[in-house]
file structure_8.pdb (PDB, C-alpha atoms)
ATOM      1  CA  MET A 762      39.085 -43.145 -24.719
ATOM      2  CA  LYS A 763      36.797 -40.529 -26.252
ATOM      3  CA  LYS A 764      33.897 -41.928 -24.252
ATOM      4  CA  LEU A 765      35.867 -41.654 -20.976
ATOM      5  CA  LEU A 766      36.860 -38.075 -21.847
ATOM      6  CA  ALA A 767      33.240 -37.158 -22.515
ATOM      7  CA  ILE A 768      32.171 -38.621 -19.161
ATOM      8  CA  PHE A 769      34.944 -36.709 -17.397
ATOM      9  CA  MET A 770      33.935 -33.414 -19.058
ATOM     10  CA  ALA A 771      30.290 -33.930 -18.169
ATOM     11  CA  ALA A 772      31.176 -34.607 -14.537
ATOM     12  CA  ALA A 773      33.316 -31.480 -14.413
ATOM     13  CA  MET A 774      30.486 -29.350 -15.810
ATOM     14  CA  LEU A 775      28.112 -30.807 -13.209
ATOM     15  CA  VAL A 776      30.478 -29.867 -10.382
ATOM     16  CA  LEU A 777      30.754 -26.301 -11.703
ATOM     17  CA  CYS A 778      26.986 -26.080 -11.987
ATOM     18  CA  PHE A 779      26.492 -27.130  -8.364
ATOM     19  CA  ALA A 780      29.142 -24.645  -7.236
ATOM     20  CA  ALA A 781      27.406 -21.827  -9.089
ATOM     21  CA  CYS A 782      24.024 -22.794  -7.666
ATOM     22  CA  GLY A 783      25.476 -22.888  -4.180
ATOM     23  CA  ALA A 784      26.893 -19.374  -4.556
ATOM     24  CA  SER A 785      23.549 -18.102  -5.840
ATOM     25  CA  ASP A 786      21.588 -19.731  -3.024
ATOM     26  CA  SER A 787      23.790 -18.087  -0.395
ATOM     27  CA  GLY A 788      22.581 -14.655  -1.504
ATOM     28  CA  LYS A 789      26.191 -13.446  -1.711
ATOM     29  CA  ASP A 790      27.257 -11.578  -4.817
ATOM     30  CA  PRO A 791      30.471 -13.097  -6.221
ATOM     31  CA  ALA A 792      31.369  -9.604  -7.500
ATOM     32  CA  ALA A 793      32.278  -8.687  -3.904
ATOM     33  CA  THR A 794      34.829 -11.498  -3.519
ATOM     34  CA  GLY A 795      38.275 -10.170  -2.727
ATOM     35  CA  LYS A 796      37.218  -6.504  -2.630
ATOM     36  CA  LYS A 797      37.439  -4.457   0.541
ATOM     37  CA  TYR A 798      35.019  -1.529   0.642
ATOM     38  CA  LEU A 799      35.753   1.853   2.237
ATOM     39  CA  ILE A 800      32.660   3.103   4.026
ATOM     40  CA  TYR A 801      32.253   6.498   5.702
ATOM     41  CA  SER A 802      29.994   7.439   8.588
ATOM     42  CA  ASP A 803      29.136  10.287  10.931
ATOM     43  CA  ASN A 804      31.222  10.719  14.084
ATOM     44  CA  SER A 805      28.608  11.993  16.544
ATOM     45  CA  PHE A 806      25.054  10.891  15.824
ATOM     46  CA  ALA A 807      24.132   8.711  18.786
ATOM     47  CA  PRO A 808      22.717   6.121  18.941
ATOM     48  CA  PHE A 809      23.538   5.406  15.289
ATOM     49  CA  GLU A 810      27.258   6.111  15.521
ATOM     50  CA  PHE A 811      29.136   7.509  18.508
ATOM     51  CA  LEU A 812      32.376   7.065  20.420
ATOM     52  CA  ASP A 813      32.069   4.775  23.433
ATOM     53  CA  THR A 814      34.426   6.451  25.901
ATOM     54  CA  THR A 815      34.784   3.250  27.963
ATOM     55  CA  THR A 816      36.336   1.372  25.034
ATOM     56  CA  ASN A 817      37.462   4.329  22.895
ATOM     57  CA  GLU A 818      35.750   2.655  19.931
ATOM     58  CA  TYR A 819      32.804   3.684  17.801
ATOM     59  CA  THR A 820      29.535   1.871  18.250
ATOM     60  CA  GLY A 821      25.849   2.358  17.437
ATOM     61  CA  VAL A 822      22.958   1.018  15.380
ATOM     62  CA  ASP A 823      24.645   1.747  12.041
ATOM     63  CA  VAL A 824      27.973   0.313  13.182
ATOM     64  CA  ASP A 825      26.427  -2.921  14.446
ATOM     65  CA  LEU A 826      24.093  -3.243  11.478
ATOM     66  CA  LEU A 827      26.893  -2.846   8.933
ATOM     67  CA  ALA A 828      29.030  -5.411  10.774
ATOM     68  CA  ALA A 829      26.146  -7.899  10.831
ATOM     69  CA  VAL A 830      25.306  -7.386   7.146
ATOM     70  CA  ALA A 831      28.972  -7.792   6.126
ATOM     71  CA  LYS A 832      29.257 -10.996   8.163
ATOM     72  CA  ASP A 833      26.031 -12.365   6.678
ATOM     73  CA  GLN A 834      27.084 -11.542   3.108
ATOM     74  CA  GLY A 835      30.780 -12.279   3.448
ATOM     75  CA  PHE A 836      32.349  -8.988   2.361
ATOM     76  CA  GLU A 837      35.156  -6.967   3.941
ATOM     77  CA  TYR A 838      35.103  -3.259   4.689
ATOM     78  CA  GLU A 839      36.912  -0.454   6.472
ATOM     79  CA  ILE A 840      34.823   2.217   8.181
ATOM     80  CA  LYS A 841      35.869   5.808   8.856
ATOM     81  CA  PHE A 842      33.981   8.202  11.144
ATOM     82  CA  GLU A 843      34.473  11.647   9.623
ATOM     83  CA  GLY A 844      31.209  13.551  10.136
ATOM     84  CA  PHE A 845      28.002  13.565   8.098
ATOM     85  CA  ASP A 846      28.866  16.293   5.586
ATOM     86  CA  ALA A 847      32.357  14.856   5.097
ATOM     87  CA  ALA A 848      30.889  11.387   4.519
ATOM     88  CA  MET A 849      28.576  12.663   1.796
ATOM     89  CA  GLY A 850      31.453  14.499   0.148
ATOM     90  CA  ALA A 851      33.703  11.432   0.255
ATOM     91  CA  VAL A 852      31.105   9.270  -1.481
ATOM     92  CA  GLN A 853      30.252  11.919  -4.089
ATOM     93  CA  SER A 854      33.941  12.439  -4.931
ATOM     94  CA  GLY A 855      34.642   8.708  -5.171
ATOM     95  CA  GLN A 856      36.943   8.766  -2.144
ATOM     96  CA  ALA A 857      34.620   6.302  -0.376
ATOM     97  CA  ASP A 858      32.560   3.416  -1.743
ATOM     98  CA  ALA A 859      29.530   4.033   0.468
ATOM     99  CA  MET A 860      28.203   5.662   3.622
ATOM    100  CA  ILE A 861      25.950   4.682   6.510
ATOM    101  CA  ALA A 862      25.143   7.600   8.801
ATOM    102  CA  GLY A 863      21.466   7.844   9.650
ATOM    103  CA  MET A 864      20.955   9.288   6.159
ATOM    104  CA  THR A 865      17.334   9.881   5.196
ATOM    105  CA  ILE A 866      16.304   8.699   1.736
ATOM    106  CA  LYS A 867      14.710  11.581  -0.179
ATOM    107  CA  PRO A 868      14.249  12.564  -3.837
ATOM    108  CA  GLU A 869      16.900  15.311  -3.865
ATOM    109  CA  ARG A 870      19.549  12.902  -2.568
ATOM    110  CA  GLN A 871      18.495  10.197  -5.012
ATOM    111  CA  GLU A 872      19.748  12.464  -7.789
ATOM    112  CA  THR A 873      23.332  11.849  -6.625
ATOM    113  CA  PHE A 874      23.094   8.688  -4.474
ATOM    114  CA  ASP A 875      21.730   5.178  -4.911
ATOM    115  CA  PHE A 876      20.130   3.920  -1.700
ATOM    116  CA  SER A 877      19.491   0.559  -0.117
ATOM    117  CA  ASP A 878      16.102  -0.408   1.222
ATOM    118  CA  GLY A 879      15.198   1.662   4.278
ATOM    119  CA  TYR A 880      16.453   0.245   7.571
ATOM    120  CA  PHE A 881      15.007   2.700  10.134
ATOM    121  CA  GLU A 882      12.057   5.102  10.220
ATOM    122  CA  ASP A 883      12.448   8.545  11.792
ATOM    123  CA  GLY A 884      11.497  12.206  11.442
ATOM    124  CA  SER A 885      12.444  15.692  12.646
ATOM    125  CA  ILE A 886      11.228  17.514  15.740
ATOM    126  CA  LEU A 887      11.657  20.981  17.237
ATOM    127  CA  VAL A 888      14.016  21.094  20.239
ATOM    128  CA  VAL A 889      14.481  23.827  22.877
ATOM    129  CA  ALA A 890      16.251  24.184  26.221
ATOM    130  CA  SER A 891      14.411  22.370  29.015
ATOM    131  CA  SER A 892      13.890  25.711  30.810
ATOM    132  CA  ASN A 893      12.358  27.383  27.745
ATOM    133  CA  ASP A 894       8.588  27.829  28.088
ATOM    134  CA  SER A 895       8.181  30.548  25.455
ATOM    135  CA  ILE A 896       8.570  28.346  22.369
ATOM    136  CA  LYS A 897       5.650  25.955  22.074
ATOM    137  CA  SER A 898       5.416  25.666  18.280
ATOM    138  CA  GLU A 899       7.166  26.654  15.064
ATOM    139  CA  ALA A 900       5.151  29.894  15.044
ATOM    140  CA  ASP A 901       7.030  30.990  18.178
ATOM    141  CA  LEU A 902      10.348  30.934  16.313
ATOM    142  CA  ARG A 903       9.768  34.368  14.761
ATOM    143  CA  GLY A 904      12.803  36.587  15.378
ATOM    144  CA  LYS A 905      14.675  33.678  16.975
ATOM    145  CA  LYS A 906      17.969  31.981  16.164
ATOM    146  CA  VAL A 907      17.753  28.283  15.179
ATOM    147  CA  ALA A 908      20.787  26.002  15.280
ATOM    148  CA  ALA A 909      21.198  23.481  12.441
ATOM    149  CA  LYS A 910      23.601  20.668  11.538
ATOM    150  CA  VAL A 911      25.138  20.991   8.071
ATOM    151  CA  GLY A 912      23.753  18.716   5.367
ATOM    152  CA  THR A 913      20.956  17.051   7.320
ATOM    153  CA  THR A 914      17.281  16.497   6.555
ATOM    154  CA  SER A 915      16.312  18.355   9.734
ATOM    155  CA  THR A 916      18.272  21.363   8.494
ATOM    156  CA  ASP A 917      16.572  21.138   5.101
ATOM    157  CA  TYR A 918      13.235  21.226   6.913
ATOM    158  CA  ALA A 919      14.285  24.266   8.960
ATOM    159  CA  LYS A 920      15.357  26.063   5.768
ATOM    160  CA  SER A 921      12.007  25.256   4.140
ATOM    161  CA  ILE A 922      10.047  27.090   6.865
ATOM    162  CA  MET A 923      12.455  29.876   7.884
ATOM    163  CA  ASP A 924      10.862  32.514   5.654
ATOM    164  CA  LYS A 925       7.365  31.557   6.748
ATOM    165  CA  TYR A 926       8.188  31.891  10.433
ATOM    166  CA  GLY A 927      10.925  34.536  10.189
ATOM    167  CA  PHE A 928      13.868  33.009  12.040
ATOM    168  CA  GLU A 929      17.627  32.941  11.446
ATOM    169  CA  ILE A 930      19.689  29.761  11.034
ATOM    170  CA  THR A 931      23.153  29.214  12.511
ATOM    171  CA  TYR A 932      25.054  26.178  11.195
ATOM    172  CA  PHE A 933      27.119  23.597  13.083
ATOM    173  CA  GLU A 934      29.173  20.594  11.966
ATOM    174  CA  SER A 935      27.972  18.161  14.639
ATOM    175  CA  SER A 936      24.907  17.370  16.713
ATOM    176  CA  PRO A 937      26.676  17.895  20.100
ATOM    177  CA  GLU A 938      27.794  21.385  19.022
ATOM    178  CA  MET A 939      24.253  22.178  17.938
ATOM    179  CA  TYR A 940      22.765  20.924  21.218
ATOM    180  CA  GLN A 941      25.257  22.906  23.287
ATOM    181  CA  ALA A 942      24.391  26.103  21.426
ATOM    182  CA  VAL A 943      20.761  25.668  22.500
ATOM    183  CA  VAL A 944      21.627  24.700  26.080
ATOM    184  CA  ASN A 945      23.982  27.688  26.429
ATOM    185  CA  GLY A 946      21.460  30.115  24.955
ATOM    186  CA  ASN A 947      23.508  30.882  21.848
ATOM    187  CA  ALA A 948      20.566  29.561  19.847
ATOM    188  CA  ASP A 949      16.902  29.447  20.800
ATOM    189  CA  ALA A 950      16.076  26.104  19.237
ATOM    190  CA  CYS A 951      17.123  23.442  16.757
ATOM    191  CA  PHE A 952      15.569  20.697  14.670
ATOM    192  CA  GLU A 953      16.843  17.147  15.093
ATOM    193  CA  ASP A 954      15.838  13.565  14.304
ATOM    194  CA  TYR A 955      13.410  12.440  16.990
ATOM    195  CA  SER A 956      15.194   9.198  17.908
ATOM    196  CA  VAL A 957      18.564  10.932  18.112
ATOM    197  CA  ILE A 958      17.505  13.809  20.354
ATOM    198  CA  GLY A 959      15.565  11.356  22.516
ATOM    199  CA  TRP A 960      18.779   9.413  23.079
ATOM    200  CA  ALA A 961      20.733  12.592  23.929
ATOM    201  CA  ILE A 962      18.155  13.723  26.485
ATOM    202  CA  LYS A 963      17.887  10.302  28.131
ATOM    203  CA  ASN A 964      21.446   8.993  27.940
ATOM    204  CA  ASP A 965      23.576  12.147  27.819
ATOM    205  CA  SER A 966      21.433  14.174  30.241
ATOM    206  CA  MET A 967      21.145  17.060  27.797
ATOM    207  CA  ALA A 968      19.055  19.891  29.268
ATOM    208  CA  LEU A 969      16.715  19.901  26.275
ATOM    209  CA  LYS A 970      13.131  19.001  25.482
ATOM    210  CA  THR A 971      11.100  18.371  22.354
ATOM    211  CA  VAL A 972       8.206  20.560  21.257
ATOM    212  CA  GLY A 973       5.241  19.590  19.081
ATOM    213  CA  GLU A 974       4.962  16.598  16.794
ATOM    214  CA  VAL A 975       7.393  14.735  14.552
ATOM    215  CA  VAL A 976       7.520  16.222  11.049
ATOM    216  CA  ASN A 977       9.247  15.350   7.786
ATOM    217  CA  PRO A 978       9.215  11.537   8.311
ATOM    218  CA  GLY A 979      11.458   9.270   6.257
ATOM    219  CA  SER A 980      13.618   6.145   6.158
ATOM    220  CA  TYR A 981      17.363   5.885   6.731
ATOM    221  CA  GLY A 982      19.327   4.167   3.961
ATOM    222  CA  PHE A 983      22.794   2.881   3.137
ATOM    223  CA  ALA A 984      24.113   4.898   0.163
ATOM    224  CA  VAL A 985      26.612   4.762  -2.707
ATOM    225  CA  LYS A 986      27.435   7.293  -5.417
ATOM    226  CA  LYS A 987      24.762   7.078  -8.106
ATOM    227  CA  GLY A 988      25.637   4.513 -10.759
ATOM    228  CA  THR A 989      28.492   2.922  -8.779
ATOM    229  CA  ASN A 990      28.882  -0.184  -6.610
ATOM    230  CA  PRO A 991      25.480  -1.720  -7.426
ATOM    231  CA  GLU A 992      26.727  -5.022  -6.003
ATOM    232  CA  LEU A 993      27.208  -3.353  -2.617
ATOM    233  CA  ILE A 994      23.596  -2.155  -2.532
ATOM    234  CA  LYS A 995      22.525  -5.681  -3.471
ATOM    235  CA  LEU A 996      24.648  -7.164  -0.688
ATOM    236  CA  PHE A 997      23.295  -4.732   1.886
ATOM    237  CA  ASN A 998      19.671  -5.352   0.909
ATOM    238  CA  GLN A 999      20.075  -9.129   0.987
ATOM    239  CA  GLY A1000      21.894  -8.978   4.318
ATOM    240  CA  LEU A1001      19.270  -6.668   5.814
ATOM    241  CA  ALA A1002      16.485  -9.003   4.686
ATOM    242  CA  ASN A1003      18.294 -11.977   6.216
ATOM    243  CA  LEU A1004      18.858 -10.151   9.513
ATOM    244  CA  LYS A1005      15.188  -9.211   9.700
ATOM    245  CA  ALA A1006      14.191 -12.808   9.004
ATOM    246  CA  ASN A1007      16.501 -14.364  11.610
ATOM    247  CA  GLY A1008      15.817 -11.805  14.364
ATOM    248  CA  GLU A1009      19.305 -10.278  14.439
ATOM    249  CA  TYR A1010      18.040  -6.905  13.162
ATOM    250  CA  GLU A1011      15.591  -6.585  16.045
ATOM    251  CA  LYS A1012      18.322  -7.555  18.545
ATOM    252  CA  ILE A1013      20.472  -4.689  17.251
ATOM    253  CA  LEU A1014      17.624  -2.181  17.631
ATOM    254  CA  ASN A1015      16.701  -3.540  21.072
ATOM    255  CA  LYS A1016      20.305  -3.024  22.216
ATOM    256  CA  TYR A1017      19.809   0.721  21.751
ATOM    257  CA  GLY A1018      16.287   0.872  23.125
ATOM    258  CA  TYR A1019      14.273   0.617  19.910
ATOM    259  CA  THR A1020      11.726  -1.871  18.632
ATOM    260  CA  ALA A1021      11.577  -3.055  15.032
ATOM    261  CA  ALA A1022       8.522  -1.814  13.126
ATOM    262  CA  LYS A1023       5.978  -4.558  12.448
TER     263      LYS A1023
END

call {"tool": "encode", "arguments": {"input": "structure_8.pdb", "output": "structure tokens"}}
result
Amino acid sequence: MKKLLAIFMAAAMLVLCFAACGASDSGKDPAATGKKYLIYSDNSFAPFEFLDTTTNEYTGVDVDLLAAVAKDQGFEYEIKFEGFDAAMGAVQSGQADAMIAGMTIKPERQETFDFSDGYFEDGSILVVASSNDSIKSEADLRGKKVAAKVGTTSTDYAKSIMDKYGFEITYFESSPEMYQAVVNGNADACFEDYSVIGWAIKNDSMALKTVGEVVNPGSYGFAVKKGTNPELIKLFNQGLANLKANGEYEKILNKYGYTAAK
């Protein structure tokens, strides 16, 4: 009887071992099982997140990428589109578990956020109205009014050079509001992420043009409040790696007119 019991216990341990190995091999963190994450995003940062007026649903690179990562890693989430500054505030206050919003990874932000691996490379560029021929470089901004979106890396760059070039900054909550200020002449220029303004000019027929070269380059990252939800960063990184390996990541970028960096 004791011998049969010992055999039964050994078999049970073997089954548990295989189950554990299987979970590990899948790359999915068992800590995420049964938990539904609340993730915030921007509400007007095309092509990374924007409202598709034909379906009345949000879409974009970030939206598709998050959906693909969650499917690959087997976790559930709810996403809210509340604006970039609001998304950062929600994560910092603990109201949200994470954010994905074309957020550039940089040292100052790493003091309050933990980031995933970078998933897209971009940088800032100077933008003026398409009819404006007087501003050809940052030096021509002296005495001008520059529009800026609250909380963004492009705005941080504008602030870093405003004293050097002697211009004034006017703040806006969204990219479309910022663009319209430049188009309408309420601002002389703005700084925006190169890929984002390129999309607006091409797909939204914005009467704008870029000036000079891309500056302040960096990588976009998925972010959580520093010291929280480490399993979610792990899940995102593993999912991103899998999507890059199986070609799904490049398909998502191609859908919005981009090519994956080699």

call {"tool": "resolve_selection", "arguments": {"input": "structure_8.pdb", "expression": "the PyMOL selection byres ((chain A and resi 897-913) around 6)", "output": "ChimeraX atom specification"}}
result
/A:846,896,914-916,926-935,939,948-951

call {"tool": "resolve_selection", "arguments": {"input": "structure_8.pdb", "expression": "the PyMOL selection byres ((chain A and resi 975) around 10)", "output": "list in words"}}
result
Asp883, Gly884, Ser885, Ile886, Leu887, Glu953, Asp954, Tyr955, Thr971, Val972, Gly973, Glu974, Val976, Asn977 and Pro978 of chain A

call {"tool": "write_last_selection", "arguments": {"input": "structure_8.pdb", "atoms": "C-alpha atoms", "output": "PDB file, in the coordinates of the input"}}
result
ATOM      1  CA  ASP A 883      12.448   8.545  11.792  1.00  0.00           C
ATOM      2  CA  GLY A 884      11.497  12.206  11.442  1.00  0.00           C
ATOM      3  CA  SER A 885      12.444  15.692  12.646  1.00  0.00           C
ATOM      4  CA  ILE A 886      11.228  17.514  15.740  1.00  0.00           C
ATOM      5  CA  LEU A 887      11.657  20.981  17.237  1.00  0.00           C
ATOM      6  CA  GLU A 953      16.843  17.147  15.093  1.00  0.00           C
ATOM      7  CA  ASP A 954      15.838  13.565  14.304  1.00  0.00           C
ATOM      8  CA  TYR A 955      13.410  12.440  16.990  1.00  0.00           C
ATOM      9  CA  THR A 971      11.100  18.371  22.354  1.00  0.00           C
ATOM     10  CA  VAL A 972       8.206  20.560  21.257  1.00  0.00           C
ATOM     11  CA  GLY A 973       5.241  19.590  19.081  1.00  0.00           C
ATOM     12  CA  GLU A 974       4.962  16.598  16.794  1.00  0.00           C
ATOM     13  CA  VAL A 976       7.520  16.222  11.049  1.00  0.00           C
ATOM     14  CA  ASN A 977       9.247  15.350   7.786  1.00  0.00           C
ATOM     15  CA  PRO A 978       9.215  11.537   8.311  1.00  0.00           C
TER      16      PRO A 978
END

call {"tool": "atom_distance", "arguments": {"input": "structure_8.pdb", "atom1": "CA of Ile866 (chain A)", "atom2": "CA of Gly879 (chain A)"}}
result
7.6 Å

call {"tool": "resolve_selection", "arguments": {"input": "structure_8.pdb", "expression": "the PyMOL selection byres ((chain A and resi 799) around 8)", "output": "PyMOL selection string"}}
result
chain A and resi 797-798+800-801+838-841+857-859

call {"tool": "atom_distance", "arguments": {"input": "structure_8.pdb", "atom1": "CA of Leu1004 (chain A)", "atom2": "CA of Thr989 (chain A)"}}
result
24.5 Å

call {"tool": "atom_distance", "arguments": {"input": "structure_8.pdb", "atom1": "CA of Ser966 (chain A)", "atom2": "CA of Asn893 (chain A)"}}
result
16.2 Å

call {"tool": "closest_residue", "arguments": {"input": "structure_8.pdb", "among": "A:Tyr1019, A:Phe836, A:Phe874, A:Phe952", "to": "Val889 (chain A)", "atoms": "all atoms listed in the file"}}
result
A:Phe952

call {"tool": "closest_residue", "arguments": {"input": "structure_8.pdb", "among": "A:Val985, A:Ala829, A:Ala847, A:Val957", "to": "Gly1008 (chain A)", "atoms": "all atoms listed in the file"}}
result
A:Ala829

call {"tool": "closest_residue", "arguments": {"input": "structure_8.pdb", "among": "A:Lys986, A:Lys970, A:Gln856, A:Trp960", "to": "Gln871 (chain A)", "atoms": "all atoms listed in the file"}}
result
A:Lys986

call {"tool": "axis_aligned_box", "arguments": {"input": "structure_8.pdb", "around": "region 979-990 of chain A", "padding_each_side": "6 Å", "output": "AutoDock Vina command-line options"}}
result
--center_x 20.2 --center_y 4.5 --center_z -2.0 --size_x 29.4 --size_y 21.5 --size_z 29.5

call {"tool": "residues_around", "arguments": {"input": "structure_8.pdb", "residues": "region 818-822 of chain A", "least_positions_apart": "5", "cutoff": "9 Å", "atoms": "only C-alpha atoms", "output": "PyMOL selection string"}}
result
chain A and resi 804+806-813+827+842+1013-1014+1016-1017

call {"tool": "decode", "arguments": {"input": "structure_8.pdb", "residues": "region 920-964 of chain A", "atoms": "C-alpha atoms", "output": "short mmCIF file (atom, residue, chain, number, x, y, z; two decimals), in the first residue's frame"}}
result
data_model
loop_
_atom_site.label_atom_id
_atom_site.label_comp_id
_atom_site.auth_asym_id
_atom_site.auth_seq_id
_atom_site.Cartn_x
_atom_site.Cartn_y
_atom_site.Cartn_z
CA LYS A 920 11.22 74.84 -23.58
CA SER A 921 14.91 73.92 -23.63
CA ILE A 922 15.65 76.33 -26.51
CA MET A 923 13.11 79.13 -25.91
CA ASP A 924 15.55 81.38 -24.06
CA LYS A 925 18.27 80.83 -26.63
CA TYR A 926 16.03 81.80 -29.53
CA GLY A 927 13.70 84.21 -27.70
CA PHE A 928 10.22 82.90 -28.46
CA GLU A 929 7.03 82.52 -26.43
CA ILE A 930 5.22 79.22 -25.84
CA THR A 931 1.44 78.77 -25.86
CA TYR A 932 0.16 75.45 -24.50
CA PHE A 933 -2.57 73.16 -25.85
CA GLU A 934 -4.07 69.89 -24.60
CA SER A 935 -4.13 68.07 -27.94
CA SER A 936 -2.19 67.84 -31.19
CA PRO A 937 -5.17 68.89 -33.40
CA GLU A 938 -5.66 72.06 -31.32
CA MET A 939 -1.96 72.82 -31.62
CA TYR A 940 -1.97 72.28 -35.40
CA GLN A 941 -5.03 74.48 -35.87
CA ALA A 942 -3.39 77.31 -33.94
CA VAL A 943 -0.52 77.28 -36.45
CA VAL A 944 -2.80 76.95 -39.49
CA ASN A 945 -5.01 79.82 -38.27
CA GLY A 946 -2.04 82.06 -37.51
CA ASN A 947 -2.62 82.13 -33.76
CA ALA A 948 0.84 80.61 -33.40
CA ASP A 949 3.80 80.87 -35.76
CA ALA A 950 5.09 77.35 -35.33
CA CYS A 951 5.07 74.22 -33.20
CA PHE A 952 7.26 71.22 -32.49
CA GLU A 953 5.83 67.75 -33.03
CA ASP A 954 6.97 64.14 -33.42
CA TYR A 955 8.06 63.67 -37.02
CA SER A 956 5.97 60.56 -37.74
CA VAL A 957 2.86 62.12 -36.23
CA ILE A 958 2.99 65.42 -38.11
CA GLY A 959 3.82 63.52 -41.30
CA TRP A 960 0.60 61.55 -40.88
CA ALA A 961 -1.44 64.72 -40.24
CA ILE A 962 -0.09 66.44 -43.35
CA LYS A 963 -0.61 63.41 -45.59
CA ASN A 964 -3.82 61.90 -44.23
#
